[in-house]
Structure formats: structure tokens, C-alpha cells
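J.: My structure is in entry_17.pdb, and what it holds is PDB, C-alpha atoms:
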```pdb
MODEL        1
ATOM      1  CA  MET P 163      45.442 127.890 175.422
ATOM      2  CA  LYS P 164      45.801 124.852 177.642
ATOM      3  CA  VAL P 165      42.057 124.282 177.644
ATOM      4  CA  GLN P 166      42.022 124.347 173.852
ATOM      5  CA  HIS P 167      44.907 121.888 173.733
ATOM      6  CA  ASP P 168      43.063 119.517 176.078
ATOM      7  CA  GLN P 169      39.959 119.772 173.927
ATOM      8  CA  GLU P 170      42.030 118.838 170.878
ATOM      9  CA  ASN P 171      43.412 115.792 172.671
ATOM     10  CA  THR P 172      39.914 114.706 173.662
ATOM     11  CA  ASP P 173      38.776 115.100 170.054
ATOM     12  CA  LYS P 174      41.727 113.074 168.786
ATOM     13  CA  TRP P 175      40.986 110.350 171.286
ATOM     14  CA  GLU P 176      37.364 110.251 170.202
ATOM     15  CA  VAL P 177      38.406 109.957 166.525
ATOM     16  CA  GLN P 178      40.729 107.055 167.376
ATOM     17  CA  LEU P 179      37.977 105.364 169.348
ATOM     18  CA  ARG P 180      35.550 105.621 166.440
ATOM     19  CA  LYS P 181      38.155 104.445 163.946
ATOM     20  CA  GLY P 182      38.751 101.306 165.940
ATOM     21  CA  CYS P 183      35.073 100.386 165.663
ATOM     22  CA  LEU P 184      34.617 100.976 161.942
ATOM     23  CA  GLU P 185      35.465  97.484 160.707
ATOM     24  CA  LEU P 186      33.131  95.875 163.242
ATOM     25  CA  ALA P 187      30.405  98.406 162.388
ATOM     26  CA  ILE P 188      30.589  97.524 158.681
ATOM     27  CA  LEU P 189      30.491  93.771 159.348
ATOM     28  CA  ALA P 190      27.545  94.315 161.712
ATOM     29  CA  ALA P 191      25.627  96.407 159.165
ATOM     30  CA  LEU P 192      25.929  93.505 156.718
ATOM     31  CA  TRP P 193      24.997  90.852 159.286
ATOM     32  CA  ASP P 194      21.681  89.754 157.829
ATOM     33  CA  GLU P 195      21.356  91.547 154.516
ATOM     34  CA  GLN P 196      23.351  92.615 151.529
ATOM     35  CA  LEU P 197      23.846  96.343 151.036
ATOM     36  CA  TYR P 198      25.670  98.598 148.589
ATOM     37  CA  GLY P 199      28.241 101.201 149.625
ATOM     38  CA  LEU P 200      25.918 104.162 150.042
ATOM     39  CA  GLU P 201      23.423 102.071 152.026
ATOM     40  CA  ILE P 202      26.203 100.937 154.339
ATOM     41  CA  LEU P 203      27.237 104.569 154.848
ATOM     42  CA  ARG P 204      23.661 105.614 155.606
ATOM     43  CA  ARG P 205      23.179 102.682 157.950
ATOM     44  CA  LEU P 206      26.309 103.599 159.873
ATOM     45  CA  GLU P 207      25.215 107.223 160.092
ATOM     46  CA  SER P 208      21.711 106.463 161.287
ATOM     47  CA  ASP P 209      22.305 103.444 163.551
ATOM     48  CA  SER P 210      25.649 104.272 165.023
ATOM     49  CA  ASP P 211      27.319 107.399 166.196
ATOM     50  CA  LEU P 212      30.081 106.926 163.655
ATOM     51  CA  VAL P 213      30.727 109.939 161.443
ATOM     52  CA  ILE P 214      32.691 108.443 158.597
ATOM     53  CA  SER P 215      34.393 109.868 155.562
ATOM     54  CA  GLU P 216      33.201 108.217 152.363
ATOM     55  CA  GLY P 217      36.763 108.077 151.105
ATOM     56  CA  THR P 218      37.487 105.742 154.010
ATOM     57  CA  VAL P 219      34.622 103.301 153.721
ATOM     58  CA  TYR P 220      35.077 102.281 150.080
ATOM     59  CA  PRO P 221      38.776 101.324 150.342
ATOM     60  CA  LEU P 222      37.976  99.519 153.592
ATOM     61  CA  LEU P 223      35.197  97.540 151.867
ATOM     62  CA  SER P 224      37.671  96.653 149.168
ATOM     63  CA  ARG P 225      40.204  95.464 151.743
ATOM     64  CA  LEU P 226      37.651  93.394 153.674
ATOM     65  CA  LYS P 227      36.806  91.737 150.398
ATOM     66  CA  LEU P 228      40.466  90.994 149.634
ATOM     67  CA  LEU P 229      40.825  89.491 153.098
ATOM     68  CA  GLY P 230      37.912  87.172 152.344
ATOM     69  CA  PHE P 231      35.444  88.614 154.886
ATOM     70  CA  LEU P 232      33.115  90.116 152.258
ATOM     71  CA  LYS P 233      31.945  89.112 148.825
ATOM     72  CA  SER P 234      30.296  91.382 146.289
ATOM     73  CA  GLU P 235      28.020  91.217 143.270
ATOM     74  CA  TRP P 236      26.765  93.772 140.776
ATOM     75  CA  VAL P 237      22.980  94.136 140.693
ATOM     76  CA  GLU P 238      21.008  96.212 138.173
ATOM     77  CA  SER P 239      18.922  98.930 139.844
ATOM     78  CA  ASP P 240      15.814 100.933 139.007
ATOM     79  CA  ALA P 241      18.024 104.015 138.921
ATOM     80  CA  GLY P 242      19.421 102.787 135.599
ATOM     81  CA  HIS P 243      22.907 101.850 136.730
ATOM     82  CA  PRO P 244      24.210  98.761 138.514
ATOM     83  CA  ARG P 245      25.171  98.818 142.183
ATOM     84  CA  LYS P 246      27.794  96.749 143.928
ATOM     85  CA  TYR P 247      26.219  94.821 146.793
ATOM     86  CA  TYR P 248      28.302  93.417 149.629
ATOM     87  CA  SER P 249      27.528  90.491 151.888
ATOM     88  CA  LEU P 250      29.399  88.544 154.549
ATOM     89  CA  THR P 251      31.274  85.348 153.721
ATOM     90  CA  PRO P 252      31.317  82.557 156.346
ATOM     91  CA  ALA P 253      34.754  83.838 157.425
ATOM     92  CA  GLY P 254      33.258  87.339 157.692
ATOM     93  CA  LYS P 255      30.411  86.089 159.879
ATOM     94  CA  GLN P 256      32.866  84.377 162.170
ATOM     95  CA  ARG P 257      35.063  87.463 162.324
ATOM     96  CA  ALA P 258      32.041  89.680 163.098
ATOM     97  CA  GLN P 259      30.942  87.396 165.934
ATOM     98  CA  GLU P 260      34.403  87.247 167.440
ATOM     99  CA  MET P 261      34.784  91.032 167.275
ATOM    100  CA  ALA P 262      31.301  91.583 168.701
ATOM    101  CA  LEU P 263      32.060  89.342 171.699
ATOM    102  CA  ILE P 264      35.322  91.111 172.422
ATOM    103  CA  PHE P 265      33.628  94.492 172.091
ATOM    104  CA  LYS P 266      30.760  93.474 174.390
ATOM    105  CA  ARG P 267      33.068  92.150 177.079
ATOM    106  CA  PHE P 268      35.210  95.262 176.868
ATOM    107  CA  SER P 269      32.328  97.717 177.000
ATOM    108  CA  LEU P 270      30.720  95.873 179.950
ATOM    109  CA  SER P 271      33.878  96.032 182.009
ATOM    110  CA  MET P 272      34.498  99.667 181.051
ATOM    111  CA  GLY P 273      30.877 100.417 181.944
ATOM    112  CA  ARG P 274      31.407  99.019 185.431
ATOM    113  CA  LEU P 275      34.533 101.060 185.864
ATOM    114  CA  LEU P 276      33.015 104.273 184.529
ATOM    115  CA  GLY P 277      29.677 104.010 186.361
ATOM    116  CA  ALA P 278      30.784 106.315 189.158
ATOM    117  CA  LEU P 279      32.095 108.989 186.770
ATOM    118  CA  THR P 280      28.908 109.398 184.793
ATOM    119  CA  LYS P 281      26.304 108.971 187.546
ATOM    120  CA  GLY P 282      23.501 111.512 187.122
ATOM    121  CA  LYS P 283      24.736 112.631 183.656
TER     122      LYS P 283
ATOM    123  CA  MET R 252      24.497 121.957 133.403
ATOM    124  CA  ALA R 253      24.280 118.198 133.177
ATOM    125  CA  ILE R 254      27.225 118.085 130.738
ATOM    126  CA  GLY R 255      29.429 120.058 133.127
ATOM    127  CA  ALA R 256      28.456 117.743 135.962
ATOM    128  CA  GLN R 257      29.164 114.656 133.882
ATOM    129  CA  GLN R 258      32.533 116.094 132.878
ATOM    130  CA  LYS R 259      33.507 116.741 136.488
ATOM    131  CA  LEU R 260      32.577 113.191 137.366
ATOM    132  CA  GLU R 261      34.586 111.723 134.492
ATOM    133  CA  THR R 262      37.609 113.929 135.179
ATOM    134  CA  TYR R 263      37.647 112.823 138.795
ATOM    135  CA  LEU R 264      37.310 109.133 137.924
ATOM    136  CA  GLY R 265      39.973 109.474 135.208
ATOM    137  CA  MET R 266      42.405 110.980 137.710
ATOM    138  CA  LEU R 267      41.658 108.213 140.162
ATOM    139  CA  ARG R 268      42.074 105.522 137.514
ATOM    140  CA  ALA R 269      45.471 106.915 136.509
ATOM    141  CA  ARG R 270      46.630 106.716 140.123
ATOM    142  CA  LEU R 271      45.367 103.187 140.688
ATOM    143  CA  ARG R 272      47.953 101.764 138.319
ATOM    144  CA  GLY R 273      49.507  98.740 139.959
ATOM    145  CA  LEU R 274      46.180  97.078 140.708
ATOM    146  CA  GLY R 275      44.711  94.572 138.273
ATOM    147  CA  ASN R 276      42.543  95.905 135.431
ATOM    148  CA  GLU R 277      39.443  94.159 136.678
ATOM    149  CA  GLU R 278      39.978  95.484 140.182
ATOM    150  CA  VAL R 279      40.426  99.050 138.917
ATOM    151  CA  ASN R 280      37.267  98.835 136.776
ATOM    152  CA  ASP R 281      35.365  97.506 139.765
ATOM    153  CA  ILE R 282      36.510 100.408 141.947
ATOM    154  CA  ILE R 283      35.783 103.047 139.297
ATOM    155  CA  GLU R 284      32.311 101.668 138.513
ATOM    156  CA  GLU R 285      31.440 101.401 142.196
ATOM    157  CA  LEU R 286      32.414 105.022 142.823
ATOM    158  CA  ARG R 287      30.622 106.174 139.659
ATOM    159  CA  SER R 288      27.490 104.474 140.901
ATOM    160  CA  HIS R 289      27.944 106.076 144.347
ATOM    161  CA  ILE R 290      28.414 109.584 142.919
ATOM    162  CA  ILE R 291      25.433 109.241 140.564
ATOM    163  CA  ASP R 292      23.266 108.006 143.441
ATOM    164  CA  LYS R 293      24.238 111.001 145.531
ATOM    165  CA  SER R 294      23.958 113.627 142.807
ATOM    166  CA  THR R 295      20.897 112.759 140.754
ATOM    167  CA  GLU R 296      18.058 115.268 140.937
ATOM    168  CA  ASN R 297      14.945 114.809 138.814
ATOM    169  CA  GLY R 298      16.713 112.204 136.709
ATOM    170  CA  GLU R 299      19.704 114.458 135.982
ATOM    171  CA  LEU R 300      23.080 114.994 137.557
ATOM    172  CA  ALA R 301      23.117 118.260 139.534
ATOM    173  CA  ALA R 302      26.491 120.014 139.294
ATOM    174  CA  GLY R 303      26.413 121.270 142.884
ATOM    175  CA  LYS R 304      25.652 117.824 144.194
ATOM    176  CA  VAL R 305      28.426 116.257 142.130
ATOM    177  CA  ASP R 306      30.845 118.757 143.662
ATOM    178  CA  ALA R 307      29.669 117.826 147.130
ATOM    179  CA  ALA R 308      29.890 114.080 146.424
ATOM    180  CA  LEU R 309      33.432 114.418 145.041
ATOM    181  CA  ALA R 310      34.503 116.580 147.973
ATOM    182  CA  ALA R 311      33.137 113.955 150.367
ATOM    183  CA  LEU R 312      35.265 111.291 148.685
ATOM    184  CA  GLY R 313      38.372 113.441 149.058
ATOM    185  CA  ASN R 314      41.020 114.210 146.475
ATOM    186  CA  PRO R 315      41.742 111.370 144.007
ATOM    187  CA  GLU R 316      45.384 111.132 145.012
ATOM    188  CA  GLU R 317      44.604 110.398 148.648
ATOM    189  CA  LEU R 318      41.734 108.093 147.775
ATOM    190  CA  ALA R 319      43.953 106.100 145.391
ATOM    191  CA  SER R 320      46.632 105.902 148.031
ATOM    192  CA  GLU R 321      44.087 104.458 150.512
ATOM    193  CA  TYR R 322      43.089 101.825 147.977
ATOM    194  CA  LEU R 323      46.659 100.934 147.018
ATOM    195  CA  THR R 324      47.903 100.725 150.575
ATOM    196  CA  ASP R 325      44.904  98.723 151.749
ATOM    197  CA  ALA R 326      45.231  96.336 148.823
ATOM    198  CA  ALA R 327      48.976  95.860 149.205
ATOM    199  CA  LEU R 328      48.638  95.293 152.937
ATOM    200  CA  ALA R 329      45.728  92.910 152.559
ATOM    201  CA  ARG R 330      47.752  90.877 150.078
ATOM    202  CA  ALA R 331      50.869  90.925 152.223
ATOM    203  CA  GLU R 332      48.771  89.877 155.210
ATOM    204  CA  VAL R 333      47.291  86.778 153.611
ATOM    205  CA  SER R 334      50.329  85.995 151.498
ATOM    206  CA  ARG R 335      53.323  83.761 152.147
ATOM    207  CA  SER R 336      54.983  84.905 148.947
ATOM    208  CA  PRO R 337      58.123  87.012 149.457
ATOM    209  CA  LEU R 338      57.313  89.028 146.312
ATOM    210  CA  GLN R 339      53.877  90.105 147.516
ATOM    211  CA  ILE R 340      55.221  90.759 150.989
ATOM    212  CA  LEU R 341      57.932  92.974 149.483
ATOM    213  CA  ALA R 342      55.350  94.794 147.339
ATOM    214  CA  GLY R 343      53.369  95.551 150.509
ATOM    215  CA  LEU R 344      56.520  96.647 152.306
ATOM    216  CA  PHE R 345      57.555  99.009 149.466
ATOM    217  CA  ARG R 346      54.159 100.672 149.755
ATOM    218  CA  TRP R 347      54.448 100.944 153.521
ATOM    219  CA  ALA R 348      58.044 102.166 153.294
ATOM    220  CA  SER R 349      56.858 105.114 151.215
ATOM    221  CA  LEU R 350      54.568 106.102 154.105
ATOM    222  CA  SER R 351      56.693 105.831 157.214
ATOM    223  CA  VAL R 352      60.136 105.408 158.696
ATOM    224  CA  ALA R 353      59.038 102.193 160.445
ATOM    225  CA  GLY R 354      57.935 100.764 157.103
ATOM    226  CA  PHE R 355      61.289 101.718 155.604
ATOM    227  CA  GLY R 356      63.124  99.971 158.457
ATOM    228  CA  VAL R 357      61.084  96.786 158.034
ATOM    229  CA  LEU R 358      61.644  96.898 154.267
ATOM    230  CA  VAL R 359      65.423  97.269 154.618
ATOM    231  CA  SER R 360      65.726  94.482 157.204
ATOM    232  CA  SER R 361      63.518  92.189 155.099
ATOM    233  CA  LEU R 362      65.616  92.886 152.006
ATOM    234  CA  VAL R 363      68.778  92.041 153.969
ATOM    235  CA  GLY R 364      67.127  88.858 155.308
ATOM    236  CA  TYR R 365      66.064  87.698 151.853
ATOM    237  CA  PHE R 366      69.396  88.636 150.303
ATOM    238  CA  VAL R 367      71.538  86.757 152.853
ATOM    239  CA  GLY R 368      69.124  83.785 152.838
ATOM    240  CA  LEU R 369      69.232  83.492 149.070
ATOM    241  CA  ALA R 370      73.014  83.952 148.994
ATOM    242  CA  LEU R 371      73.451  81.052 151.476
ATOM    243  CA  VAL R 372      71.217  78.766 149.403
ATOM    244  CA  LEU R 373      72.996  79.772 146.174
ATOM    245  CA  CYS R 374      76.381  79.193 147.743
ATOM    246  CA  ALA R 375      75.312  75.700 148.864
ATOM    247  CA  LEU R 376      74.024  74.906 145.385
ATOM    248  CA  LEU R 377      77.184  76.188 143.671
ATOM    249  CA  LYS R 378      79.702  74.472 145.960
ATOM    250  CA  PRO R 379      79.706  71.213 143.893
ATOM    251  CA  PHE R 380      80.477  73.250 140.752
ATOM    252  CA  HIS R 381      83.118  75.486 142.352
ATOM    253  CA  PRO R 382      84.540  73.241 145.088
ATOM    254  CA  GLN R 383      87.772  75.283 145.370
ATOM    255  CA  SER R 384      86.300  78.744 145.673
ATOM    256  CA  ALA R 385      82.629  78.690 146.807
ATOM    257  CA  GLY R 386      81.964  78.805 150.513
ATOM    258  CA  LEU R 387      82.228  80.896 153.631
ATOM    259  CA  TRP R 388      85.754  82.316 153.785
ATOM    260  CA  THR R 389      87.786  84.182 156.339
ATOM    261  CA  PHE R 390      90.874  86.050 155.198
ATOM    262  CA  ARG R 391      93.092  88.925 156.252
ATOM    263  CA  ASP R 392      93.590  91.947 154.040
ATOM    264  CA  ARG R 393      96.903  93.777 153.680
ATOM    265  CA  SER R 394      96.372  95.754 156.863
ATOM    266  CA  GLY R 395      95.819  92.485 158.744
ATOM    267  CA  GLU R 396      92.107  93.049 159.307
ATOM    268  CA  LEU R 397      90.020  89.863 159.404
ATOM    269  CA  HIS R 398      87.142  89.595 156.881
ATOM    270  CA  LEU R 399      84.291  87.142 156.564
ATOM    271  CA  SER R 400      83.051  86.583 153.021
ATOM    272  CA  LEU R 401      80.425  84.391 151.439
ATOM    273  CA  ARG R 402      81.620  83.470 147.947
ATOM    274  CA  LEU R 403      79.647  81.872 145.170
ATOM    275  CA  GLY R 404      82.905  80.763 143.578
ATOM    276  CA  PHE R 405      82.804  82.699 140.331
ATOM    277  CA  GLY R 406      86.127  84.390 141.124
ATOM    278  CA  SER R 407      89.236  82.874 142.626
ATOM    279  CA  ALA R 408      89.445  81.901 146.290
ATOM    280  CA  PRO R 409      90.834  84.683 148.546
ATOM    281  CA  VAL R 410      94.626  84.469 148.863
ATOM    282  CA  GLY R 411      95.635  82.953 152.189
ATOM    283  CA  GLY R 412      91.955  82.540 153.076
ATOM    284  CA  HIS R 413      90.398  79.778 155.092
ATOM    285  CA  ASP R 414      87.254  77.945 153.904
ATOM    286  CA  VAL R 415      85.470  77.838 157.268
ATOM    287  CA  LEU R 416      82.772  75.295 156.521
ATOM    288  CA  GLY R 417      84.243  73.297 153.622
ATOM    289  CA  TRP R 418      81.628  70.929 152.270
ATOM    290  CA  TRP R 419      79.456  71.635 155.308
ATOM    291  CA  ILE R 420      78.331  74.773 153.469
ATOM    292  CA  VAL R 421      75.990  72.541 151.426
ATOM    293  CA  PRO R 422      73.691  71.326 154.256
ATOM    294  CA  VAL R 423      74.281  74.414 156.438
ATOM    295  CA  GLY R 424      73.663  76.819 153.539
ATOM    296  CA  LEU R 425      70.501  75.056 152.416
ATOM    297  CA  VAL R 426      68.993  74.778 155.906
ATOM    298  CA  MET R 427      70.063  78.174 157.264
ATOM    299  CA  GLY R 428      69.332  79.957 153.985
ATOM    300  CA  SER R 429      65.810  78.607 153.591
ATOM    301  CA  ARG R 430      65.131  79.163 157.310
ATOM    302  CA  LEU R 431      66.264  82.767 156.990
ATOM    303  CA  VAL R 432      63.950  83.346 154.006
ATOM    304  CA  ALA R 433      61.029  81.761 155.916
ATOM    305  CA  LEU R 434      61.806  83.724 159.080
ATOM    306  CA  THR R 435      62.057  86.983 157.136
ATOM    307  CA  THR R 436      58.650  86.263 155.565
ATOM    308  CA  LEU R 437      57.135  85.563 158.988
ATOM    309  CA  PHE R 438      58.754  88.669 160.467
ATOM    310  CA  ALA R 439      57.571  90.932 157.640
ATOM    311  CA  GLY R 440      54.058  89.452 157.724
ATOM    312  CA  TRP R 441      53.918  89.982 161.476
ATOM    313  CA  CYS R 442      55.073  93.606 161.158
ATOM    314  CA  VAL R 443      52.488  94.252 158.428
ATOM    315  CA  ARG R 444      49.679  92.855 160.604
ATOM    316  CA  LEU R 445      50.832  94.944 163.542
ATOM    317  CA  TYR R 446      50.987  98.026 161.344
ATOM    318  CA  ARG R 447      47.597  97.374 159.783
ATOM    319  CA  LYS R 448      46.040  97.209 163.250
ATOM    320  CA  SER R 449      47.593 100.540 164.195
ATOM    321  CA  ARG R 450      46.642 102.105 160.874
ATOM    322  CA  ALA R 451      42.954 102.682 161.353
ATOM    323  CA  PRO R 452      41.080 104.359 158.492
ATOM    324  CA  LYS R 453      40.623 108.084 158.378
ATOM    325  CA  GLN R 454      37.580 109.738 159.891
ATOM    326  CA  ALA R 455      35.512 112.580 158.532
TER     327      ALA R 455
ENDMDL
END
```
Produce C-alpha cells that represent the structure in this file.

T.:
Amino acid sequence: MKVQHDQENTDKWEVQLRKGCLELAILAALWDEQLYGLEILRRLESDSDLVISEGTVYPLLSRLKLLGFLKSEWVESDAGHPRKYYSLTPAGKQRAQEMALIFKRFSLSMGRLLGALTKGK
Amino acid sequence: MAIGAQQKLETYLGMLRARLRGLGNEEVNDIIEELRSHIIDKSTENGELAAGKVDAALAALGNPEELASEYLTDAALARAEVSRSPLQILAGLFRWASLSVAGFGVLVSSLVGYFVGLALVLCALLKPFHPQSAGLWTFRDRSGELHLSLRLGFGSAPVGGHDVLGWWIVPVGLVMGSRLVALTTLFAGWCVRLYRKSRAPKQA
């Protein structure tokens, strides 16, 4: 029972950890190209370890746009329907860089601290 | 088969649209068309919508009520975060208050802040028109208990009361009142930002 409870706590912690990275992951996916929602989702799935619910990404895209970090435009596609493409605004680029620096510094220092725990794993 | 799939798609989007009321028309259309495009992309097989795939795509998006709530909350918070307008801040707070006790607490204290701030400003503005009765009064009721009362001067002055500030209510009311409104806006904006940081999006 206790073991199961601990496992649940570890899972919860992992979910929180992933959640915290989602905004940065989206900004990073859009760093040098414009993508539509489904492409962003696929990029996050293939290039990062983030397992994300689709119902989360679209409202978040909408919010990042309202905050002025993303802009969007509708582009006609070969599939016969238009797709909404997102790209970074200058404010979004700046935000992405700031977040990336903070993340890098944090993960380096955590890496140093955790080195001994994961040696040989 | 394709008709059933199309119907499911439209029913879902219709339910979502109905729950997105409160956002601007253009914004709602944008959201609906983006999700329609997403679902079609995920469910098209040999140029036709496949019913099974539509089901899976809709399930992955979650139920329309929760999805709409994500959109509404995110939008209200984003607006409150970039806004200095008390009305938009309050709209964001009402949304938040419906989600948590903390949000409710911030909403109530912001409402009190705005109310007292506005009352002070109003009192200052009305003092020249009601010089005998507008102002900050202290008076004792029949049981001898001391009361403090801010009066706009539409009624009569309290019997045996003392006008604490006299004409000073004009500068004091204007300065303190507008400061209180500004401080409340800053406080609410700060709480919203703090909350938004803690409210990370849901994970699959």
C-alpha cells in the first residue's frame, strides 16, 4: 500500500515537472519556423519527452497569443481546409531566450547535484 | 459513415461554441475553426472522415465543457495579467473565484478595495454639493456604541455626529480613494500572476 502511494507521488511529481516545461517547449518548437497546432503537438511528442493532452495545448496557444508572445495566420492547405499557423513575436523570442537560459542554468546545477545519485544508471 | 462522423464533429464543436460565450465572436470562430481543422487532420482516411478516428480525436481533446473552461480561464487570466483596467481584472477574478477558495478570497478583497476607494472619491466630489452632510462621520448610537460612517450626503447628517475631516475630505478622499483603487488593481494583478504560475496546464 505504502509502495503504491509512493509511486503515485512520484508520478504526480513527474507530471508537475513536465507541466512546468510546456510553455518553454512550445516557444522552442516555434523558434525558427511557423507551425500549426497538430505539428506543434507532433514536434513535442517526437523531440521532447512531454506527453501532452491536446485539450491543453490549444488553450495554451491561445493564451500565449493573447499575451503577445505568439501571432497566428490562417494558411490554405493541400488538404482542402485552412490551418492556423503560429509563429513567435519579438516579445515571444525574448521570452523563449530568457526561459531557456533559466532552464539551462537550473538543469546544469541540478545535474551537478544529482551526478552521484545516477552514476552507472 | 462519413455523415455520422461529420455529425459527431459538428455536435462537439456546437457544444464547445455554446460554452465559449463570453469571448468575442471572432475569437470563438477562430477557436472553433482551428479545432475543426485539427480534428479533420487527425481523422481523414482516404479523403473521408473516419468515424472511429473522429471519436479518438474528440476523446483526445477532452469533453467540451472542460475544454471551454480551459479557454475561458486562460483568456480571462491573460487579459487580467496584461490589463490595468479594474473591469477586466474583476472579470478575471470572477472566473478564478468560480474555481477556488483563494480566487474567491482575492475577488472579495478586491471588491471591498474598489468599493471603499470609489466611495472615498465620490464623497470628496460630493462634499461641495452637500457641505453639511457629506464626509467621514463618527457618532454614537442609542446604546452609546461609537460608529464610523462615510456619507455621500444624500441623507441628513447623523444626529450628534462629528464630521472628522471637514473639508479635508476633498483632498484626502481624492488621494486615498484613487490610491486604494490603484493598489487594489496592483494587488489583484499580482495575485492573478502568482496564480497563473501555479496553475500549470493539464497533462495527458

J.: P:Val177, P:Leu263, P:Ala241, P:Ile202: which is nearest Val219 (chain P), counting all atoms listed in the file?

T.: P:Ile202

J.: With all atoms listed in the file as the basis for distance, which of R:Trp419, R:Tyr322, R:Tyr365, R:Tyr263 is at the shortest distance from chain P?

T.: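 That would be R:Tyr322, the residue with the smallest distance to chain P.
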
J.: Pull out every residue that the PyMOL selection byres ((chain P) within 10 of (chain R)) matches in the shown coordinates and put them as a ChimeraX atom specification.

T.: /P:177-185,198-201,212-230,236,241-247

J.: For the structure provided, state which residues fall under the PyMOL selection byres ((chain R and resi 430-440) around 8), and present them as a PyMOL selection string.

T.: chain R and resi 331-332+335-337+340+344+357-358+361+364-365+367-369+426-429+441-444

J.: So what do you get for CA of Gln196 (chain P) versus CA of Arg257 (chain P), distance-wise?

T.: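 Computing the Euclidean distance for CA of Gln196 (chain P) and CA of Arg257 (chain P) yields 16.7 Å.
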
J.: Work out how far apart CA of Gly404 (chain R) and CA of Leu371 (chain R) are and give it in Å to one decimal.

T.: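 Those two atoms sit 12.3 Å apart.
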
J.: So what do you get for CA of Arg205 (chain P) versus CA of Gln257 (chain R), distance-wise?

T.: 27.5 Å

J.: On this structure, which residues satisfy the PyMOL selection byres ((chain R and resi 265) around 12), written as a list in words?

T.: Gln258, Lys259, Leu260, Glu261, Thr262, Tyr263, Leu264, Met266, Leu267, Arg268, Ala269, Arg270, Leu271, Arg272, Val279, Asn280, Ile282, Ile283, Glu284, Leu286, Arg287, Pro315, Glu316 and Ala319 of chain R

J.: As lines of an AutoDock Vina configuration file, please: the centre and edge lengths in Å, to one decimal, of an axis-aligned box enclosing every listed atom of region 292-311 of chain R with 3 Å added on each side.

T.:
```
center_x = 24.7
center_y = 114.6
center_z = 143.2
size_x = 25.6
size_y = 19.3
size_z = 20.4
```
